[in-house]
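Printed here is input-v6.pdb (PDB, C-alpha atoms and all ligand atoms):
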```pdb
ATOM      1  CA  MET V   1       3.625 -55.157 -28.067
ATOM      2  CA  GLU V   2       4.764 -56.014 -31.597
ATOM      3  CA  LEU V   3       4.758 -59.824 -31.650
ATOM      4  CA  HIS V   4       6.843 -60.051 -34.812
ATOM      5  CA  GLN V   5       9.547 -57.688 -33.610
ATOM      6  CA  ALA V   6      12.985 -59.318 -34.062
ATOM      7  CA  ILE V   7      15.106 -60.100 -30.987
ATOM      8  CA  ASP V   8      18.883 -60.404 -31.183
ATOM      9  CA  ALA V   9      19.895 -61.193 -27.618
ATOM     10  CA  TYR V  10      22.595 -63.840 -27.922
ATOM     11  CA  CYS V  11      26.219 -63.938 -28.984
ATOM     12  CA  GLU V  12      25.768 -66.704 -31.579
ATOM     13  CA  ARG V  13      23.160 -64.773 -33.627
ATOM     14  CA  VAL V  14      24.747 -62.569 -36.302
ATOM     15  CA  GLY V  15      21.730 -62.196 -38.604
ATOM     16  CA  ALA V  16      17.974 -62.735 -38.927
ATOM     17  CA  ALA V  17      18.154 -66.197 -40.575
ATOM     18  CA  PHE V  18      16.225 -69.164 -39.130
ATOM     19  CA  TRP V  19      19.458 -71.119 -38.471
ATOM     20  CA  ALA V  20      21.512 -68.102 -37.292
ATOM     21  CA  GLU V  21      21.826 -69.749 -33.831
ATOM     22  CA  PRO V  22      22.528 -73.406 -34.735
ATOM     23  CA  LEU V  23      24.020 -74.457 -31.363
ATOM     24  CA  ASN V  24      21.441 -72.519 -29.350
ATOM     25  CA  ALA V  25      18.665 -74.139 -31.430
ATOM     26  CA  VAL V  26      19.922 -77.736 -31.581
ATOM     27  CA  SER V  27      20.945 -77.865 -27.894
ATOM     28  CA  ASN V  28      17.230 -77.754 -27.028
ATOM     29  CA  GLY V  29      17.226 -81.432 -27.976
ATOM     30  CA  ALA V  30      18.636 -81.947 -24.469
ATOM     31  CA  PHE V  31      15.197 -81.030 -23.016
ATOM     32  CA  LEU V  32      13.542 -83.668 -25.202
ATOM     33  CA  ILE V  33      16.099 -86.277 -24.095
ATOM     34  CA  ALA V  34      15.465 -85.272 -20.450
ATOM     35  CA  ALA V  35      11.703 -85.658 -20.966
ATOM     36  CA  VAL V  36      12.053 -89.064 -22.681
ATOM     37  CA  VAL V  37      14.395 -90.494 -19.994
ATOM     38  CA  ALA V  38      12.145 -89.090 -17.236
ATOM     39  CA  PHE V  39       9.145 -90.690 -18.963
ATOM     40  CA  VAL V  40      10.929 -94.081 -18.918
ATOM     41  CA  LEU V  41      11.500 -93.644 -15.146
ATOM     42  CA  TRP V  42       7.885 -92.549 -14.709
ATOM     43  CA  ARG V  43       6.572 -95.662 -16.543
ATOM     44  CA  ARG V  44       8.761 -97.904 -14.401
ATOM     45  CA  ALA V  45       7.482 -96.202 -11.216
ATOM     46  CA  ALA V  46       3.874 -96.368 -12.446
ATOM     47  CA  ARG V  47       4.164-100.160 -12.712
ATOM     48  CA  GLY V  48       5.249-100.307  -9.049
ATOM     49  CA  THR V  49       3.074 -99.910  -6.023
ATOM     50  CA  SER V  50       3.115 -96.124  -6.164
ATOM     51  CA  GLY V  51       0.750 -96.055  -9.182
ATOM     52  CA  PRO V  52       0.683 -93.438 -11.954
ATOM     53  CA  ASP V  53       1.717 -89.971 -10.809
ATOM     54  CA  VAL V  54      -0.226 -87.596 -13.067
ATOM     55  CA  TYR V  55       1.473 -84.511 -11.611
ATOM     56  CA  ALA V  56       4.929 -85.832 -12.537
ATOM     57  CA  LEU V  57       3.656 -86.839 -15.979
ATOM     58  CA  ALA V  58       2.342 -83.314 -16.602
ATOM     59  CA  LEU V  59       5.721 -81.849 -15.608
ATOM     60  CA  ILE V  60       7.541 -84.309 -17.916
ATOM     61  CA  ALA V  61       5.334 -83.130 -20.810
ATOM     62  CA  LEU V  62       6.067 -79.538 -19.795
ATOM     63  CA  VAL V  63       9.838 -80.151 -20.090
ATOM     64  CA  ALA V  64       9.294 -81.309 -23.694
ATOM     65  CA  VAL V  65       7.265 -78.105 -24.302
ATOM     66  CA  VAL V  66      10.124 -76.037 -22.761
ATOM     67  CA  GLY V  67      12.483 -77.546 -25.357
ATOM     68  CA  ALA V  68      10.059 -76.864 -28.235
ATOM     69  CA  GLY V  69       9.405 -73.280 -27.071
ATOM     70  CA  SER V  70      13.111 -72.529 -26.675
ATOM     71  CA  PHE V  71      13.791 -73.994 -30.154
ATOM     72  CA  LEU V  72      11.189 -71.604 -31.611
ATOM     73  CA  PHE V  73      12.806 -68.658 -29.829
ATOM     74  CA  HIS V  74      16.325 -69.465 -31.024
ATOM     75  CA  THR V  75      15.184 -69.941 -34.660
ATOM     76  CA  PHE V  76      12.365 -67.423 -35.307
ATOM     77  CA  ALA V  77      13.937 -64.971 -32.807
ATOM     78  CA  VAL V  78      10.859 -62.754 -32.527
ATOM     79  CA  ARG V  79       8.768 -61.568 -29.602
ATOM     80  CA  TRP V  80       5.993 -64.204 -29.845
ATOM     81  CA  ALA V  81       8.647 -66.937 -29.838
ATOM     82  CA  ALA V  82      10.202 -65.351 -26.734
ATOM     83  CA  LEU V  83       6.824 -65.860 -25.013
ATOM     84  CA  ALA V  84       6.802 -69.499 -26.215
ATOM     85  CA  ASP V  85      10.197 -69.800 -24.510
ATOM     86  CA  VAL V  86       9.548 -68.124 -21.161
ATOM     87  CA  ILE V  87       5.913 -69.153 -20.421
ATOM     88  CA  PRO V  88       6.547 -72.957 -20.224
ATOM     89  CA  ILE V  89       9.660 -72.328 -18.073
ATOM     90  CA  ALA V  90       7.655 -70.122 -15.689
ATOM     91  CA  LEU V  91       4.884 -72.747 -15.550
ATOM     92  CA  PHE V  92       7.416 -75.459 -14.692
ATOM     93  CA  ILE V  93       9.076 -73.401 -11.936
ATOM     94  CA  HIS V  94       5.783 -72.543 -10.223
ATOM     95  CA  ALA V  95       4.134 -75.967 -10.647
ATOM     96  CA  TYR V  96       7.242 -77.749  -9.353
ATOM     97  CA  LEU V  97       7.508 -75.388  -6.378
ATOM     98  CA  LEU V  98       3.872 -76.061  -5.448
ATOM     99  CA  LEU V  99       4.454 -79.843  -5.610
ATOM    100  CA  ALA V 100       7.770 -79.547  -3.753
ATOM    101  CA  LEU V 101       6.087 -77.647  -0.890
ATOM    102  CA  LYS V 102       3.294 -80.239  -0.806
ATOM    103  CA  ARG V 103       5.431 -83.362  -1.006
ATOM    104  CA  TYR V 104       8.898 -82.516   0.301
ATOM    105  CA  LEU V 105       7.733 -80.301   3.179
ATOM    106  CA  ALA V 106       4.461 -82.260   3.690
ATOM    107  CA  LEU V 107       2.335 -79.093   3.605
ATOM    108  CA  SER V 108      -1.386 -79.107   2.884
ATOM    109  CA  TRP V 109      -2.457 -77.866  -0.562
ATOM    110  CA  GLY V 110      -3.646 -74.626   1.076
ATOM    111  CA  ARG V 111      -0.316 -73.952   2.798
ATOM    112  CA  ALA V 112       1.618 -74.972  -0.315
ATOM    113  CA  GLY V 113      -0.530 -72.521  -2.308
ATOM    114  CA  LEU V 114       0.258 -69.761   0.207
ATOM    115  CA  GLY V 115       3.960 -70.610  -0.131
ATOM    116  CA  LEU V 116       3.660 -70.296  -3.907
ATOM    117  CA  LEU V 117       1.885 -66.922  -3.526
ATOM    118  CA  ALA V 118       4.701 -65.739  -1.239
ATOM    119  CA  PHE V 119       7.234 -66.817  -3.892
ATOM    120  CA  LEU V 120       5.248 -64.939  -6.580
ATOM    121  CA  ALA V 121       5.148 -61.825  -4.396
ATOM    122  CA  LEU V 122       8.861 -61.928  -3.468
ATOM    123  CA  SER V 123      10.232 -62.902  -6.905
ATOM    124  CA  PRO V 124      10.159 -59.390  -8.469
ATOM    125  CA  LEU V 125      11.924 -57.974  -5.377
ATOM    126  CA  ILE V 126      14.613 -60.713  -5.386
ATOM    127  CA  GLY V 127      15.036 -60.305  -9.165
ATOM    128  CA  TRP V 128      15.383 -56.533  -8.777
ATOM    129  CA  MET V 129      17.920 -56.896  -5.956
ATOM    130  CA  ALA V 130      19.902 -59.382  -8.073
ATOM    131  CA  GLN V 131      20.141 -57.036 -11.096
ATOM    132  CA  PHE V 132      23.757 -56.566 -10.112
ATOM    133  CA  PRO V 133      25.633 -58.774 -10.869
ATOM    134  CA  PHE V 134      23.126 -61.062 -12.622
ATOM    135  CA  GLY V 135      21.818 -58.599 -15.254
ATOM    136  CA  SER V 136      19.244 -60.212 -17.592
ATOM    137  CA  SER V 137      19.683 -63.506 -15.707
ATOM    138  CA  SER V 138      18.378 -61.921 -12.457
ATOM    139  CA  SER V 139      14.845 -63.190 -13.149
ATOM    140  CA  TYR V 140      16.145 -66.749 -12.596
ATOM    141  CA  VAL V 141      17.691 -65.975  -9.195
ATOM    142  CA  PRO V 142      14.373 -66.517  -7.301
ATOM    143  CA  ALA V 143      14.197 -70.080  -8.732
ATOM    144  CA  ALA V 144      17.751 -70.777  -7.521
ATOM    145  CA  ALA V 145      16.867 -69.302  -4.104
ATOM    146  CA  ALA V 146      13.775 -71.548  -3.951
ATOM    147  CA  LEU V 147      15.892 -74.665  -4.626
ATOM    148  CA  TYR V 148      18.283 -73.787  -1.792
ATOM    149  CA  GLY V 149      15.447 -72.648   0.511
ATOM    150  CA  VAL V 150      13.173 -75.681   0.076
ATOM    151  CA  GLY V 151      16.247 -77.956   0.150
ATOM    152  CA  GLY V 152      17.324 -76.459   3.483
ATOM    153  CA  LEU V 153      13.815 -76.734   4.951
ATOM    154  CA  ALA V 154      13.401 -80.331   3.716
ATOM    155  CA  TRP V 155      16.794 -81.485   5.024
ATOM    156  CA  ARG V 156      15.704 -82.374   8.573
ATOM    157  CA  ARG V 157      12.598 -84.202   7.515
ATOM    158  CA  ASP V 158      14.247 -86.018   4.619
ATOM    159  CA  PRO V 159      18.023 -85.577   4.144
ATOM    160  CA  THR V 160      17.948 -87.252   0.701
ATOM    161  CA  VAL V 161      15.536 -84.635  -0.622
ATOM    162  CA  GLY V 162      17.371 -81.790   1.144
ATOM    163  CA  LYS V 163      20.764 -82.788  -0.241
ATOM    164  CA  SER V 164      19.331 -83.440  -3.702
ATOM    165  CA  LEU V 165      17.603 -80.040  -3.936
ATOM    166  CA  ILE V 166      20.673 -78.138  -2.726
ATOM    167  CA  GLY V 167      22.885 -80.117  -5.155
ATOM    168  CA  ILE V 168      20.471 -79.318  -8.002
ATOM    169  CA  GLY V 169      20.523 -75.675  -6.851
ATOM    170  CA  ALA V 170      24.319 -75.658  -7.147
ATOM    171  CA  LEU V 171      24.077 -77.141 -10.650
ATOM    172  CA  PHE V 172      21.484 -74.505 -11.597
ATOM    173  CA  SER V 173      23.837 -71.786 -10.284
ATOM    174  CA  LEU V 174      26.535 -73.144 -12.621
ATOM    175  CA  SER V 175      23.963 -73.131 -15.405
ATOM    176  CA  LEU V 176      23.246 -69.439 -14.699
ATOM    177  CA  ALA V 177      26.994 -68.757 -14.976
ATOM    178  CA  TRP V 178      26.922 -70.179 -18.545
ATOM    179  CA  ARG V 179      23.994 -67.890 -19.369
ATOM    180  CA  MET V 180      25.774 -64.840 -17.936
ATOM    181  CA  ALA V 181      29.071 -65.632 -19.739
ATOM    182  CA  ASP V 182      27.452 -65.525 -23.222
ATOM    183  CA  GLU V 183      28.044 -61.833 -24.007
ATOM    184  CA  PRO V 184      31.276 -61.171 -22.039
ATOM    185  CA  LEU V 185      33.067 -64.080 -23.788
ATOM    186  CA  CYS V 186      31.598 -63.365 -27.231
ATOM    187  CA  SER V 187      34.677 -61.612 -28.629
ATOM    188  CA  VAL V 188      36.916 -64.605 -27.855
ATOM    189  CA  TRP V 189      34.314 -67.404 -28.227
ATOM    190  CA  PRO V 190      32.010 -66.434 -31.129
ATOM    191  CA  VAL V 191      29.432 -69.220 -30.674
ATOM    192  CA  GLY V 192      28.773 -68.009 -27.141
ATOM    193  CA  THR V 193      27.907 -70.120 -24.105
ATOM    194  CA  HIS V 194      24.099 -69.959 -24.177
ATOM    195  CA  PHE V 195      23.853 -73.522 -25.533
ATOM    196  CA  MET V 196      25.531 -74.728 -22.311
ATOM    197  CA  TRP V 197      22.727 -73.022 -20.334
ATOM    198  CA  HIS V 198      20.288 -75.205 -22.267
ATOM    199  CA  ILE V 199      22.264 -78.423 -21.667
ATOM    200  CA  PHE V 200      22.802 -77.756 -17.933
ATOM    201  CA  ASN V 201      19.157 -76.745 -17.509
ATOM    202  CA  ALA V 202      18.020 -79.952 -19.191
ATOM    203  CA  ILE V 203      20.082 -81.876 -16.610
ATOM    204  CA  VAL V 204      18.623 -79.731 -13.786
ATOM    205  CA  LEU V 205      15.056 -80.353 -14.966
ATOM    206  CA  PHE V 206      15.727 -84.082 -15.387
ATOM    207  CA  LEU V 207      17.139 -84.342 -11.846
ATOM    208  CA  LEU V 208      14.111 -82.472 -10.470
ATOM    209  CA  LEU V 209      11.752 -84.847 -12.301
ATOM    210  CA  ARG V 210      13.749 -87.867 -11.113
ATOM    211  CA  LEU V 211      13.525 -86.667  -7.520
ATOM    212  CA  LEU V 212       9.777 -86.102  -7.841
ATOM    213  CA  ILE V 213       9.226 -89.580  -9.342
ATOM    214  CA  CYS V 214      11.570 -91.478  -7.011
ATOM    215  CA  ARG V 215      10.483 -89.734  -3.804
ATOM    216  CA  LYS V 216       6.820 -90.505  -4.282
ATOM    217  CA  PRO V 217       5.787 -92.700  -1.306
ATOM    218  CA  GLY V 218       5.710 -96.345  -2.343
ATOM    219  CA  TYR V 219       8.292 -95.960  -5.121
ATOM    220  CA  THR V 220       9.710 -99.369  -6.055
ATOM    221  CA  GLY V 221      11.836 -98.448  -9.095
ATOM    222  CA  GLY V 222      15.502 -99.031  -9.802
ATOM    223  CA  SER V 223      17.397 -96.628  -7.524
ATOM    224  CA  LYS V 224      18.287 -98.354  -4.234
ATOM    225  CA  GLN V 225      19.076 -95.013  -2.607
ATOM    226  CA  PHE V 226      15.654 -93.651  -3.478
ATOM    227  CA  GLN V 227      13.881 -96.921  -2.657
ATOM    228  CA  GLU V 228      15.278 -96.933   0.860
ATOM    229  CA  THR V 229      14.531 -93.290   1.517
ATOM    230  CA  SER V 230      11.183 -93.576  -0.240
ATOM    231  CA  ARG V 231      10.118 -96.249   2.233
ATOM    232  CA  THR V 232      11.217 -93.920   5.020
ATOM    233  CA  GLY V 233       9.281 -91.129   3.317
ATOM    234  CA  SER V 234       6.219 -93.372   3.160
ATOM    235  CA  ARG V 235       6.341 -93.945   6.863
ATOM    236  CA  ILE V 236       6.630 -90.229   7.511
ATOM    237  CA  GLU V 237       3.723 -89.503   5.157
ATOM    238  CA  LYS V 238       1.602 -92.202   6.815
ATOM    239  CA  SER V 239       2.413 -90.910  10.290
ATOM    240  CA  ASN V 240       1.156 -87.527   9.077
ATOM    241  CA  GLY V 241      -1.979 -89.210   7.841
ATOM    242  CA  SER V 242      -1.689 -88.113   4.205
ATOM    243  CA  PRO V 243       0.254 -90.301   1.830
ATOM    244  CA  PHE V 244       0.616 -88.271  -1.395
TER     245      PHE V 244
HETATM  246 ZN    ZN V 301      17.832 -70.075 -24.684
END
```

Take the structure from the file and write it as structure tokens.
Amino acid sequence: MELHQAIDAYCERVGAAFWAEPLNAVSNGAFLIAAVVAFVLWRRAARGTSGPDVYALALIALVAVVGAGSFLFHTFAVRWAALADVIPIALFIHAYLLLALKRYLALSWGRAGLGLLAFLALSPLIGWMAQFPFGSSSSYVPAAAALYGVGGLAWRRDPTVGKSLIGIGALFSLSLAWRMADEPLCSVWPVGTHFMWHIFNAIVLFLLLRLLICRKPGYTGGSKQFQETSRTGSRIEKSNGSPF
């Protein structure tokens, strides 16, 4: 693999210059904003009775890395920068899924790990089946399916989490539509729509982080909705014998 091979995959890019995709590059600031606001929520929650949640903190840092990696890809536009873009995203998807299975479905680490392995095994098949009509966006379809799937499974145990995950899944589906519209609309909208994929994804990642922080048993932060359900969640966790 030639790491310095140029990649011209998006409507906005019309040359090899560093700033040839200004909107696609600058819109990655949304990931940094998402990480900063999530960090503020995390600090507030850490001061409460739930204590510091190192898993959520690691995922917040990962969202900032996603923004940095995507910025590199949309400026340098070469193969190594593409890896800097996709690897942090893949890490976030898989780490969040593992935590979601553990916390939202109250599985043991072992069972959550098996669930993650099943997702890893099924993802290529789902991506391949989604080639039409999703094209190059088909590799993100398994992540959308996981949001709907875990949301549906979590609904009975905790309707707040179930509804939140399915709502975030719907938002991510809209985000995918922005990604898919980039090339087809290019002739009439020369800047493309890829920057909207970044902005919507930043919102999706922020909402996922917020859910993770606010649904931790013992959460005493600002959201009344999450406080109430978090107390309920605590009781459920305690009745299962493993507050997490
Ligand atoms: Zn991008």

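Take CA of Asn28 in chain V and CA of Ser137 in chain V: the distance between them is 18.4 Å.
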
Which of these residues is nearest to Leu32 in chain V, using all atoms listed in the file: V:Ser138, V:Gln5, V:Ser70, V:Ser175?
->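 Counting all atoms listed in the file, the residue closest to Leu32 in chain V is V:Ser70.
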
Go through chain V and flag each residue having an atom no more than 12 Å from ligand ZN 301 (chain V); for those, report the closest pair of atoms plus their distance in Å to one decimal, using all atoms listed in the file, ordered by chain and rising number, as JSON lines.
```
{"residue": "V:Asp8", "atom": "CA", "partner": "V:ZN301", "partner_atom": "ZN", "distance": 11.7}
{"residue": "V:Ala9", "atom": "CA", "partner": "V:ZN301", "partner_atom": "ZN", "distance": 9.6}
{"residue": "V:Tyr10", "atom": "CA", "partner": "V:ZN301", "partner_atom": "ZN", "distance": 8.5}
{"residue": "V:Cys11", "atom": "CA", "partner": "V:ZN301", "partner_atom": "ZN", "distance": 11.2}
{"residue": "V:Glu12", "atom": "CA", "partner": "V:ZN301", "partner_atom": "ZN", "distance": 11.0}
{"residue": "V:Arg13", "atom": "CA", "partner": "V:ZN301", "partner_atom": "ZN", "distance": 11.7}
{"residue": "V:Glu21", "atom": "CA", "partner": "V:ZN301", "partner_atom": "ZN", "distance": 10.0}
{"residue": "V:Pro22", "atom": "CA", "partner": "V:ZN301", "partner_atom": "ZN", "distance": 11.6}
{"residue": "V:Leu23", "atom": "CA", "partner": "V:ZN301", "partner_atom": "ZN", "distance": 10.1}
{"residue": "V:Asn24", "atom": "CA", "partner": "V:ZN301", "partner_atom": "ZN", "distance": 6.4}
{"residue": "V:Ala25", "atom": "CA", "partner": "V:ZN301", "partner_atom": "ZN", "distance": 7.9}
{"residue": "V:Val26", "atom": "CA", "partner": "V:ZN301", "partner_atom": "ZN", "distance": 10.5}
{"residue": "V:Ser27", "atom": "CA", "partner": "V:ZN301", "partner_atom": "ZN", "distance": 9.0}
{"residue": "V:Asn28", "atom": "CA", "partner": "V:ZN301", "partner_atom": "ZN", "distance": 8.1}
{"residue": "V:Gly29", "atom": "CA", "partner": "V:ZN301", "partner_atom": "ZN", "distance": 11.8}
{"residue": "V:Ala30", "atom": "CA", "partner": "V:ZN301", "partner_atom": "ZN", "distance": 11.9}
{"residue": "V:Phe31", "atom": "CA", "partner": "V:ZN301", "partner_atom": "ZN", "distance": 11.4}
{"residue": "V:Val66", "atom": "CA", "partner": "V:ZN301", "partner_atom": "ZN", "distance": 9.9}
{"residue": "V:Gly67", "atom": "CA", "partner": "V:ZN301", "partner_atom": "ZN", "distance": 9.2}
{"residue": "V:Ala68", "atom": "CA", "partner": "V:ZN301", "partner_atom": "ZN", "distance": 10.9}
{"residue": "V:Gly69", "atom": "CA", "partner": "V:ZN301", "partner_atom": "ZN", "distance": 9.3}
{"residue": "V:Ser70", "atom": "CA", "partner": "V:ZN301", "partner_atom": "ZN", "distance": 5.7}
{"residue": "V:Phe71", "atom": "CA", "partner": "V:ZN301", "partner_atom": "ZN", "distance": 7.8}
{"residue": "V:Leu72", "atom": "CA", "partner": "V:ZN301", "partner_atom": "ZN", "distance": 9.7}
{"residue": "V:Phe73", "atom": "CA", "partner": "V:ZN301", "partner_atom": "ZN", "distance": 7.3}
{"residue": "V:His74", "atom": "CA", "partner": "V:ZN301", "partner_atom": "ZN", "distance": 6.5}
{"residue": "V:Thr75", "atom": "CA", "partner": "V:ZN301", "partner_atom": "ZN", "distance": 10.3}
{"residue": "V:Ala77", "atom": "CA", "partner": "V:ZN301", "partner_atom": "ZN", "distance": 10.4}
{"residue": "V:Ala81", "atom": "CA", "partner": "V:ZN301", "partner_atom": "ZN", "distance": 11.0}
{"residue": "V:Ala82", "atom": "CA", "partner": "V:ZN301", "partner_atom": "ZN", "distance": 9.2}
{"residue": "V:Leu83", "atom": "CA", "partner": "V:ZN301", "partner_atom": "ZN", "distance": 11.8}
{"residue": "V:Ala84", "atom": "CA", "partner": "V:ZN301", "partner_atom": "ZN", "distance": 11.2}
{"residue": "V:Asp85", "atom": "CA", "partner": "V:ZN301", "partner_atom": "ZN", "distance": 7.6}
{"residue": "V:Val86", "atom": "CA", "partner": "V:ZN301", "partner_atom": "ZN", "distance": 9.2}
{"residue": "V:Ile89", "atom": "CA", "partner": "V:ZN301", "partner_atom": "ZN", "distance": 10.8}
{"residue": "V:Ser137", "atom": "CA", "partner": "V:ZN301", "partner_atom": "ZN", "distance": 11.3}
{"residue": "V:Ser175", "atom": "CA", "partner": "V:ZN301", "partner_atom": "ZN", "distance": 11.5}
{"residue": "V:Leu176", "atom": "CA", "partner": "V:ZN301", "partner_atom": "ZN", "distance": 11.4}
{"residue": "V:Trp178", "atom": "CA", "partner": "V:ZN301", "partner_atom": "ZN", "distance": 11.0}
{"residue": "V:Arg179", "atom": "CA", "partner": "V:ZN301", "partner_atom": "ZN", "distance": 8.4}
{"residue": "V:Met180", "atom": "CA", "partner": "V:ZN301", "partner_atom": "ZN", "distance": 11.7}
{"residue": "V:Asp182", "atom": "CA", "partner": "V:ZN301", "partner_atom": "ZN", "distance": 10.7}
{"residue": "V:Gly192", "atom": "CA", "partner": "V:ZN301", "partner_atom": "ZN", "distance": 11.4}
{"residue": "V:Thr193", "atom": "CA", "partner": "V:ZN301", "partner_atom": "ZN", "distance": 10.1}
{"residue": "V:His194", "atom": "CA", "partner": "V:ZN301", "partner_atom": "ZN", "distance": 6.3}
{"residue": "V:Phe195", "atom": "CA", "partner": "V:ZN301", "partner_atom": "ZN", "distance": 7.0}
{"residue": "V:Met196", "atom": "CA", "partner": "V:ZN301", "partner_atom": "ZN", "distance": 9.3}
{"residue": "V:Trp197", "atom": "CA", "partner": "V:ZN301", "partner_atom": "ZN", "distance": 7.2}
{"residue": "V:His198", "atom": "CA", "partner": "V:ZN301", "partner_atom": "ZN", "distance": 6.2}
{"residue": "V:Ile199", "atom": "CA", "partner": "V:ZN301", "partner_atom": "ZN", "distance": 9.9}
{"residue": "V:Phe200", "atom": "CA", "partner": "V:ZN301", "partner_atom": "ZN", "distance": 11.4}
{"residue": "V:Asn201", "atom": "CA", "partner": "V:ZN301", "partner_atom": "ZN", "distance": 9.9}
{"residue": "V:Ala202", "atom": "CA", "partner": "V:ZN301", "partner_atom": "ZN", "distance": 11.3}
```

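Straight-line separation from CA of Pro142 in chain V to CA of Leu57 in chain V: 24.6 Å.
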
Per residue of range 115-190 of chain V within 9 Å of range 99-110 of chain V, which atom pair is closest and at what distance in Å (one decimal), using only C-alpha atoms, listed by chain and increasing number, as a Markdown table?
```
| residue | atom | partner | partner_atom | distance |
| --- | --- | --- | --- | --- |
| V:Gly115 | CA | V:Leu101 | CA | 7.4 |
| V:Leu116 | CA | V:Leu101 | CA | 8.3 |
| V:Val150 | CA | V:Leu101 | CA | 7.4 |
| V:Gly151 | CA | V:Tyr104 | CA | 8.7 |
| V:Leu153 | CA | V:Leu105 | CA | 7.3 |
| V:Ala154 | CA | V:Leu105 | CA | 5.7 |
| V:Arg157 | CA | V:Leu105 | CA | 7.6 |
| V:Asp158 | CA | V:Tyr104 | CA | 7.7 |
| V:Val161 | CA | V:Tyr104 | CA | 7.0 |
| V:Gly162 | CA | V:Tyr104 | CA | 8.5 |
```

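Of the listed residues (V:Ala64, V:Ser139, V:Ile166, V:Leu212), V:Leu212 comes nearest to Leu98 in chain V; the distances count all atoms listed in the file.
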
Top pick for closest residue to Ser136 in chain V, considering V:Ile87, V:Ala6, V:Tyr96, V:Ala181 and counting all atoms listed in the file =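 Among the listed residues, the smallest separation from Ser136 in chain V belongs to V:Ala181.
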
Straight-line distance linking CA of Phe76 in chain V with CA of Ala16 in chain V, stated in Å to one decimal |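 These two atoms are separated by 8.2 Å.
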